[in-house]
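Note: the block below is final_38.cif and it holds mmCIF, C-alpha atoms.
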data_entry
#
loop_
_atom_site.label_atom_id
_atom_site.label_comp_id
_atom_site.auth_asym_id
_atom_site.auth_seq_id
_atom_site.Cartn_x
_atom_site.Cartn_y
_atom_site.Cartn_z
CA MET A 1 0.00 0.00 0.00
CA ASN A 2 2.81 2.40 0.94
CA ASP A 3 4.69 1.55 -2.24
CA PHE A 4 1.64 2.29 -4.34
CA LEU A 5 1.11 5.60 -2.50
CA PHE A 6 4.74 6.57 -3.01
CA ILE A 7 4.60 5.90 -6.74
CA PHE A 8 1.27 7.71 -7.06
CA LEU A 9 2.41 10.80 -5.12
CA SER A 10 5.84 11.06 -6.72
CA PHE A 11 4.27 10.72 -10.15
CA PHE A 12 2.06 13.72 -9.41
CA ALA A 13 4.96 15.66 -7.88
CA LEU A 14 7.09 15.15 -10.99
CA LEU A 15 4.16 15.85 -13.30
CA GLY A 16 3.44 19.13 -11.52
CA ALA A 17 7.08 20.20 -11.52
CA PHE A 18 7.43 19.35 -15.20
CA GLY A 19 4.27 21.25 -16.05
CA MET A 20 5.53 24.17 -13.97
CA ILE A 21 8.65 24.68 -16.08
CA VAL A 22 7.03 23.93 -19.44
CA LEU A 23 3.81 25.96 -19.29
CA HIS A 24 3.98 29.51 -20.60
CA GLN A 25 1.35 31.37 -18.56
CA PRO A 26 2.33 32.15 -14.93
CA VAL A 27 -1.15 31.25 -13.64
CA HIS A 28 -0.97 27.79 -15.18
CA SER A 29 2.49 27.32 -13.69
CA ALA A 30 1.24 28.35 -10.25
CA LEU A 31 -1.64 25.86 -10.42
CA SER A 32 0.77 23.18 -11.54
CA LEU A 33 3.02 24.02 -8.61
CA ILE A 34 0.09 23.47 -6.22
CA VAL A 35 -0.18 19.88 -7.49
CA THR A 36 3.51 19.36 -6.70
CA LEU A 37 3.28 20.89 -3.24
CA LEU A 38 0.23 18.83 -2.26
CA ALA A 39 1.87 15.65 -3.54
CA LEU A 40 4.97 16.47 -1.50
CA ALA A 41 2.76 17.03 1.55
CA GLY A 42 1.46 13.52 1.02
CA LEU A 43 5.02 12.23 0.86
CA PHE A 44 5.76 13.96 4.17
CA ALA A 45 2.84 12.08 5.68
CA LEU A 46 4.24 8.83 4.27
CA LEU A 47 7.57 9.64 5.94
CA ASN A 48 6.03 9.88 9.46
CA ALA A 49 6.36 13.69 9.46
CA SER A 50 2.81 14.58 10.43
CA PHE A 51 3.70 18.07 11.66
CA LEU A 52 5.54 18.92 8.43
CA PHE A 53 2.56 17.58 6.49
CA ALA A 54 0.34 20.19 8.17
CA VAL A 55 2.95 22.94 7.80
CA GLN A 56 3.43 22.14 4.12
CA ILE A 57 -0.28 22.43 3.40
CA ILE A 58 -0.88 25.51 5.58
CA VAL A 59 2.25 27.51 4.76
CA TYR A 60 3.06 26.42 1.21
CA ALA A 61 -0.20 25.55 -0.43
CA GLY A 62 -2.10 27.98 1.78
CA ALA A 63 0.01 31.09 2.24
CA ILE A 64 2.84 31.14 -0.30
CA LEU A 65 0.82 29.97 -3.30
CA THR A 66 -2.00 32.36 -2.42
CA LEU A 67 0.55 35.16 -2.37
CA PHE A 68 1.89 34.06 -5.75
CA ILE A 69 -1.51 33.92 -7.37
CA PHE A 70 -2.48 37.22 -5.79
CA ILE A 71 0.65 38.85 -7.22
CA ILE A 72 0.04 37.33 -10.67
CA MET A 73 -3.51 38.71 -10.67
CA PHE A 74 -2.28 42.05 -9.31
CA LEU A 75 0.43 42.48 -11.94
CA ASN A 76 -1.93 41.31 -14.70
CA VAL A 77 0.93 40.70 -17.12
CA LYS A 78 -0.26 40.88 -20.71
CA GLU A 79 0.56 38.08 -23.10
CA SER A 80 2.71 40.49 -25.13
CA ASN A 81 4.71 41.46 -22.05
CA LEU A 82 5.67 37.86 -21.30
CA PRO A 83 9.23 37.17 -22.39
CA LYS A 84 9.63 35.20 -25.60
CA GLU A 85 11.39 31.94 -24.96
CA PRO A 86 12.36 30.37 -28.29
CA ASN A 87 13.51 26.72 -28.27
CA LYS A 88 12.51 26.51 -24.61
CA THR A 89 11.64 22.81 -24.62
CA LEU A 90 14.88 21.85 -26.34
CA TYR A 91 16.98 23.79 -23.86
CA LEU A 92 15.07 22.33 -20.90
CA PHE A 93 15.64 18.82 -22.25
CA LEU A 94 19.36 19.40 -22.82
CA GLY A 95 19.72 20.92 -19.35
CA GLY A 96 18.11 17.83 -17.83
CA ILE A 97 20.61 15.56 -19.59
CA VAL A 98 23.55 17.71 -18.42
CA LEU A 99 22.43 17.35 -14.79
CA ILE A 100 22.35 13.52 -14.69
CA PRO A 101 26.01 13.16 -13.50
CA LEU A 102 25.28 15.51 -10.59
CA ASN A 103 22.42 13.26 -9.47
CA LEU A 104 24.56 10.14 -9.69
CA LEU A 105 27.24 11.81 -7.56
CA VAL A 106 24.77 12.70 -4.80
CA LEU A 107 23.29 9.19 -4.78
CA ARG A 108 26.72 7.56 -4.51
CA ALA A 109 27.53 9.72 -1.50
CA PHE A 110 24.43 8.42 0.28
CA TYR A 111 25.23 4.75 -0.33
CA ALA A 112 28.29 5.11 1.90
CA MET A 113 26.15 5.77 4.99
CA PRO A 114 24.82 2.94 7.20
CA LEU A 115 21.05 2.55 7.54
CA LEU A 116 19.08 2.51 10.76
CA ARG A 117 18.18 -1.05 11.77
CA GLU A 118 15.88 -0.77 14.79
CA PRO A 119 12.26 0.37 14.26
CA LEU A 120 11.31 3.99 14.78
CA ALA A 121 9.77 5.34 17.98
CA GLU A 122 5.98 5.31 18.07
CA ASP A 123 5.58 9.11 18.09
CA PHE A 124 8.42 9.93 15.68
CA GLY A 125 7.72 13.18 13.83
CA GLU A 126 4.65 14.19 15.81
CA ILE A 127 4.29 17.60 17.35
CA LYS A 128 5.33 16.73 20.89
CA PRO A 129 8.83 15.26 20.32
CA LEU A 130 9.42 17.77 17.50
CA GLY A 131 8.55 20.71 19.74
CA ALA A 132 10.65 19.36 22.61
CA GLU A 133 13.66 19.11 20.32
CA LEU A 134 12.95 22.47 18.70
CA PHE A 135 12.96 24.34 22.02
CA THR A 136 15.98 22.61 23.52
CA LYS A 137 18.53 21.58 20.92
CA TRP A 138 17.47 23.98 18.18
CA LEU A 139 16.58 27.02 20.26
CA LEU A 140 19.14 29.40 18.74
CA PRO A 141 18.28 28.62 15.08
CA PHE A 142 14.63 28.96 16.00
CA GLU A 143 15.18 32.46 17.39
CA LEU A 144 17.30 33.39 14.37
CA ILE A 145 14.52 32.23 12.06
CA SER A 146 12.05 34.42 13.93
CA LEU A 147 14.45 37.34 13.45
CA LEU A 148 14.69 36.52 9.74
CA LEU A 149 10.91 36.51 9.42
CA LEU A 150 10.75 39.87 11.19
CA VAL A 151 13.35 41.32 8.80
CA ALA A 152 11.41 39.97 5.82
CA LEU A 153 8.21 41.50 7.19
CA ILE A 154 9.81 44.92 7.63
CA GLY A 155 11.48 44.63 4.23
CA ALA A 156 8.18 43.88 2.50
CA VAL A 157 6.56 46.88 4.21
CA VAL A 158 9.43 49.16 3.17
CA PHE A 159 9.20 47.99 -0.45
CA ALA A 160 5.46 48.54 -0.56
CA ARG A 161 5.72 52.11 0.77
CA LYS A 162 5.36 55.07 -1.56
CA ASP A 163 8.52 56.88 -2.57
CA GLU A 164 7.83 60.30 -1.06
CA VAL A 165 9.72 59.71 2.21
CA MET B 1 9.78 -2.13 -1.03
CA ILE B 2 10.28 1.61 -1.12
CA GLY B 3 13.51 2.65 0.60
CA LEU B 4 15.67 5.67 1.08
CA THR B 5 17.10 5.35 -2.43
CA HIS B 6 13.72 5.89 -4.06
CA TYR B 7 13.13 9.06 -2.08
CA LEU B 8 16.59 10.34 -2.92
CA VAL B 9 16.07 9.60 -6.61
CA LEU B 10 12.83 11.56 -6.44
CA THR B 11 14.71 14.40 -4.70
CA GLY B 12 17.38 14.38 -7.39
CA ILE B 13 14.90 14.45 -10.26
CA LEU B 14 12.83 17.23 -8.67
CA PHE B 15 15.97 19.24 -7.90
CA SER B 16 17.14 18.86 -11.50
CA ILE B 17 13.79 20.03 -12.81
CA GLY B 18 13.98 23.09 -10.56
CA LEU B 19 17.59 23.82 -11.49
CA VAL B 20 16.83 23.57 -15.21
CA GLY B 21 13.90 25.90 -14.66
CA VAL B 22 16.11 28.44 -12.89
CA MET B 23 18.67 28.28 -15.68
CA ARG B 24 16.46 28.29 -18.76
CA ARG B 25 13.27 30.26 -18.06
CA THR B 26 13.54 34.00 -18.57
CA ASN B 27 10.29 34.89 -16.81
CA LEU B 28 11.00 36.26 -13.33
CA LEU B 29 7.89 34.65 -11.82
CA MET B 30 9.02 31.28 -13.14
CA LEU B 31 12.30 31.84 -11.39
CA PHE B 32 10.43 32.07 -8.09
CA PHE B 33 8.43 28.94 -8.84
CA SER B 34 11.59 27.05 -9.72
CA THR B 35 13.20 28.15 -6.47
CA GLU B 36 10.20 26.75 -4.59
CA ILE B 37 10.67 23.44 -6.41
CA LEU B 38 14.35 23.41 -5.43
CA LEU B 39 13.59 24.05 -1.75
CA ASN B 40 10.83 21.44 -1.68
CA ALA B 41 13.00 18.83 -3.34
CA VAL B 42 15.63 19.32 -0.66
CA ASN B 43 12.93 19.13 2.01
CA ILE B 44 11.83 15.70 0.82
CA GLY B 45 15.44 14.54 0.94
CA PHE B 46 15.90 15.85 4.47
CA VAL B 47 12.72 14.25 5.77
CA ALA B 48 13.49 10.94 4.09
CA VAL B 49 16.97 10.82 5.61
CA SER B 50 15.43 11.84 8.94
CA LYS B 51 13.05 8.90 8.86
CA PHE B 52 15.47 6.25 7.66
CA TYR B 53 18.14 7.25 10.19
CA GLY B 54 15.74 7.89 13.07
CA ASP B 55 16.99 11.43 13.70
CA LEU B 56 14.69 14.43 14.03
CA SER B 57 17.33 16.91 12.82
CA GLY B 58 16.29 16.40 9.21
CA GLN B 59 12.73 17.45 10.00
CA MET B 60 14.04 20.49 11.86
CA PHE B 61 15.97 21.52 8.78
CA ALA B 62 12.92 21.05 6.59
CA PHE B 63 10.97 23.22 9.02
CA PHE B 64 13.58 25.99 8.87
CA ILE B 65 13.74 25.75 5.08
CA ILE B 66 9.99 26.35 4.89
CA ALA B 67 10.40 29.47 7.07
CA VAL B 68 13.25 30.73 4.87
CA ALA B 69 11.17 30.08 1.76
CA ALA B 70 8.28 32.09 3.18
CA SER B 71 10.47 35.12 3.90
CA GLU B 72 12.21 34.79 0.54
CA VAL B 73 8.86 34.88 -1.25
CA ALA B 74 7.69 37.93 0.73
CA VAL B 75 10.80 40.00 -0.02
CA GLY B 76 11.26 38.70 -3.56
CA LEU B 77 7.70 39.43 -4.63
CA GLY B 78 7.99 42.95 -3.17
CA LEU B 79 11.05 43.53 -5.33
CA LEU B 80 9.29 42.00 -8.33
CA ILE B 81 6.34 44.39 -7.98
CA LEU B 82 8.70 47.38 -7.78
CA TRP B 83 10.57 46.19 -10.86
CA TYR B 84 7.38 45.61 -12.82
CA LYS B 85 6.01 49.06 -11.91
CA ARG B 86 9.23 50.67 -13.10
CA ASN B 87 9.86 48.65 -16.27
CA GLY B 88 6.58 46.99 -17.22
CA SER B 89 8.30 43.69 -17.86
CA VAL B 90 9.01 40.43 -16.05
CA ASP B 91 11.73 39.47 -18.48
CA LEU B 92 14.95 38.41 -16.80
CA ASN B 93 16.98 39.69 -19.76
CA SER B 94 15.77 43.24 -19.09
CA LEU B 95 17.49 43.04 -15.71
CA GLN B 96 21.00 43.48 -17.00
CA MET B 97 22.00 46.87 -15.63
CA MET B 98 24.51 45.30 -13.26
CA LYS B 99 26.19 43.36 -16.05
CA GLY B 100 29.82 44.41 -16.47
#

Could you rewrite the structure in this file as structure tokens?
Amino acid sequence: MNDFLFIFLSFFALLGAFGMIVLHQPVHSALSLIVTLLALAGLFALLNASFLFAVQIIVYAGAILTLFIFIIMFLNVKESNLPKEPNKTLYLFLGGIVLIPLNLLVLRAFYAMPLLREPLAEDFGEIKPLGAELFTKWLLPFELISLLLLVALIGAVVFARKDEV
Amino acid sequence: MIGLTHYLVLTGILFSIGLVGVMRRTNLLMLFFSTEILLNAVNIGFVAVSKFYGDLSGQMFAFFIIAVAASEVAVGLGLLILWYKRNGSVDLNSLQMMKG
């Protein structure tokens, strides 16, 4: 059952990503990206990461994609203002072939590592152990991330301001 | 039986798709979408390694990557709107004023 789910979800993730880079209109690409993000959320659930599953759907598919689509509608880019991309498909295909050695290199590096033998803990990846670890071992990165989000918030407000000041 | 290798292959393919998108598309919005694909591909890799090695650090990293992606989108789209208001174009090739 898990194998079938993995194949199903990864097929949709790859299909969405492929559609994202091939389609011409930004709105179509955004909708295609939603398919990928939801499929990846499903993969998170398959990997015992129930908290990340929720975060992926709420933050990515909920907030970030809404922002993207809002911006696309707001800009209302005309078809004539979209950049012309001649021979796009050919270049994408050639780029994919060029990147195959990189993939093989990364995979070989992972084969050198030993796998975990004993079964996972019952509550692995749920909110409680994740939160306990986040606020003990990862406290400093957590605070830095909150600072980064604050900086991004202020930056977005400054960009959106009118120029008179 | 689906193992770590399958997840890493999926990560590699998704990352390649995103990288090719970053390199070959000249639409600035597509550049953002491709960056999202890149970050998500890495997330899947982190979470898969986290599960198969029984270590929560991978999930922590995925969590932080999502936060970084959110802030990147907020700032990047603000810049994109400013650029579009000024130039009326989302073409990456029009953004060459810093080219030497």

Checklist outcome for this item: One decimal place gives the atom CA of Phe18 of chain A-atom CA of Ile17 of chain B separation as 6.8 Å

Checklist entry - Once you count all atoms listed in the file, which residues of chain B turn out to be within 6 Å of chain A? Could you give them as number ranges by chain? => result B: 2, 12, 20-21, 53, 71, 75, 78, 89, 91

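Picked out by the PyMOL selection byres ((chain B and resi 83) around 12) when it runs on this file: Leu75, Phe159 and Ala160 of chain A; Leu28, Leu29, Gly76, Leu77, Gly78, Leu79, Leu80, Ile81, Leu82, Tyr84, Lys85, Arg86, Asn87, Gly88, Ser89, Val90, Asp91, Leu92, Ser94 and Leu95 of chain B.
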
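Distance check against Leu38 of chain A using all atoms listed in the file: of A:Ala54, A:Ala61, A:Ala132, A:Leu5, the minimum falls on A:Ala61.
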
Checklist entry - Which residues fall under the PyMOL selection byres ((chain B and resi 41) around 8) in this file, as a count of residues only? => result 13

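Using only C-alpha atoms, the nearest neighbour of Val9 of chain B within the list A:Phe12, A:Leu105, A:Phe135, A:Met73 is A:Leu105.
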
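As for atom CA of Asn87 of chain A and atom CA of Glu36 of chain B, they are spaced 23.9 Å apart.
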
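Across the model, the gap from atom CA of Ser16 of chain B to atom CA of Ala69 of chain B is 18.4 Å.
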
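Of the listed residues A:Ser50, A:Thr66, A:Asn76, A:Thr136, the one whose atoms come nearest to Phe63 of chain B is A:Ser50, with distances taken using only C-alpha atoms.
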
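Distance annotation: of B:Thr35, B:Met1, B:Ala48, B:Asp55, the residue with the minimal separation from Met23 of chain B is B:Thr35; atom set is only C-alpha atoms.
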